[in-house]
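Participant: Here it is: the structure, laid out below.
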Amino acid sequence: MFENFPDWWDALSLVEKIYWGFAIPFTILFVLQMIMTLIGGELETDGGADFDVETDHGAGFQFFTIKNFVAFFTIFSWTGIACLDAGLSILGTIAASVIAGIIMMLVMAALFYSFSKLTSSGTLQLKNAKGGVGEVYLTIKAKRGNIGKVSIMVQGSFRELDAITDDDHDLTNGMVITVRDVINGNLLLVSKS
């Protein structure tokens, strides 16, 4: 299979050897990178650290990343090989290769930026329940007499949450309620709808 490799390699010009020198390893890295991206590419570990980072505001548009550099050199090298094979001058080949590589970096950065916008933290923000309509699950006594429970859709998910009321009458199981406010960030103030 590789018996003609030395003859083939020796027949290449210096510029072709440089392009092939980039093409082979970066193509392998690109293929591995895409496979890892598609199957998840994360290792499960049983480490003891378990914490949330509250200051993460998303990835943003990242142009200079390892994935983008791998994509750049992959497209750069194959464009160069194709241009040289088509008889383009060395200067024209380099220009076309750089432009193709930069376009690929832009496409990759835009693609991963778009993917980052598809994720959500999953953290329940009770303020999003304000104005929502739900149903009493456990009786709520009038004038903040106790903490009951309501069933309500918040952030696209059905939840059972603690609630109180300022109404003059108890809110009993099955009554339709509206969330008026969120108290101390963890308790709903509701009233009969």
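Identifiers for the structure tokens are assigned positionally: chains receive A, B, ... in sequence, residues are indexed from 1 per chain, and ligands are indexed from 1 in the order shown.
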Write out as a list in words the residues lying within 8 Å of range 163-172 of chain A, counting only C-alpha atoms and excluding same-chain residues fewer than 5 positions away.

Facilitator: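 Contacts, in chain order: Val136, Tyr137, Leu138, Thr139, Ile140, Lys141, Ala142, Lys143, Arg144, Gly145, Asn146, Ile147, Gly148, Lys149, Val150, Leu187, Leu188, Leu189, Val190, Ser191 and Lys192 of chain A.
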
Participant: Would you mind listing what lies within 12 Å of Thr37 in chain A as a list in words, with only C-alpha atoms counted and same-chain residues fewer than 5 positions away left out?

Facilitator: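 The residues satisfying every condition are Leu29, Phe30, Val31, Leu32, Glu42, Lys67, Phe112 and Phe115 of chain A.
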
Participant: Considering only helix (DSSP H, G or I) as DSSP defines it on the backbone, what residues of chain A qualify? List them as JSON, numbers by chain.

Facilitator: {"A": [5, 6, 7, 8, 9, 10, 11, 14, 15, 16, 17, 18, 19, 20, 21, 22, 23, 24, 25, 26, 27, 28, 29, 30, 31, 32, 33, 34, 35, 36, 37, 38, 39, 66, 67, 68, 69, 70, 71, 72, 73, 74, 75, 76, 77, 78, 79, 80, 81, 82, 83, 84, 85, 90, 91, 92, 93, 94, 95, 96, 97, 98, 99, 100, 101, 102, 103, 104, 105, 106, 107, 108, 109, 110, 111, 112, 113, 114, 115, 116, 117, 126, 127, 128, 129, 142, 143, 144]}

Participant: Near range 88-99 of chain A, within 9 Å and counting only C-alpha atoms, which residues show up once chain neighbours fewer than 5 positions away are dropped, as a ChimeraX atom specification?

Facilitator: /A:15,72-73,75-83,104

Participant: Point out the residue among A:Gln155, A:Phe69, A:Met108, A:Gly40 with the least atom-to-atom distance to Gln125 in chain A, counting only C-alpha atoms.

Facilitator: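 Closest to Gln125 in chain A, using only C-alpha atoms: A:Gln155.
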
Participant: Please compute the CA of Met153 in chain A-CA of Gly131 in chain A distance, one decimal, in Å.

Facilitator: 11.0 Å

Participant: To one decimal place, how far is CA of Ser13 in chain A from CA of Thr27 in chain A in Å?

Facilitator: 20.6 Å

Participant: Which one is closest to Ser193 in chain A: A:Ala129, A:Val179, A:Ala11, A:Ile66? Count only C-alpha atoms.

Facilitator: A:Val179
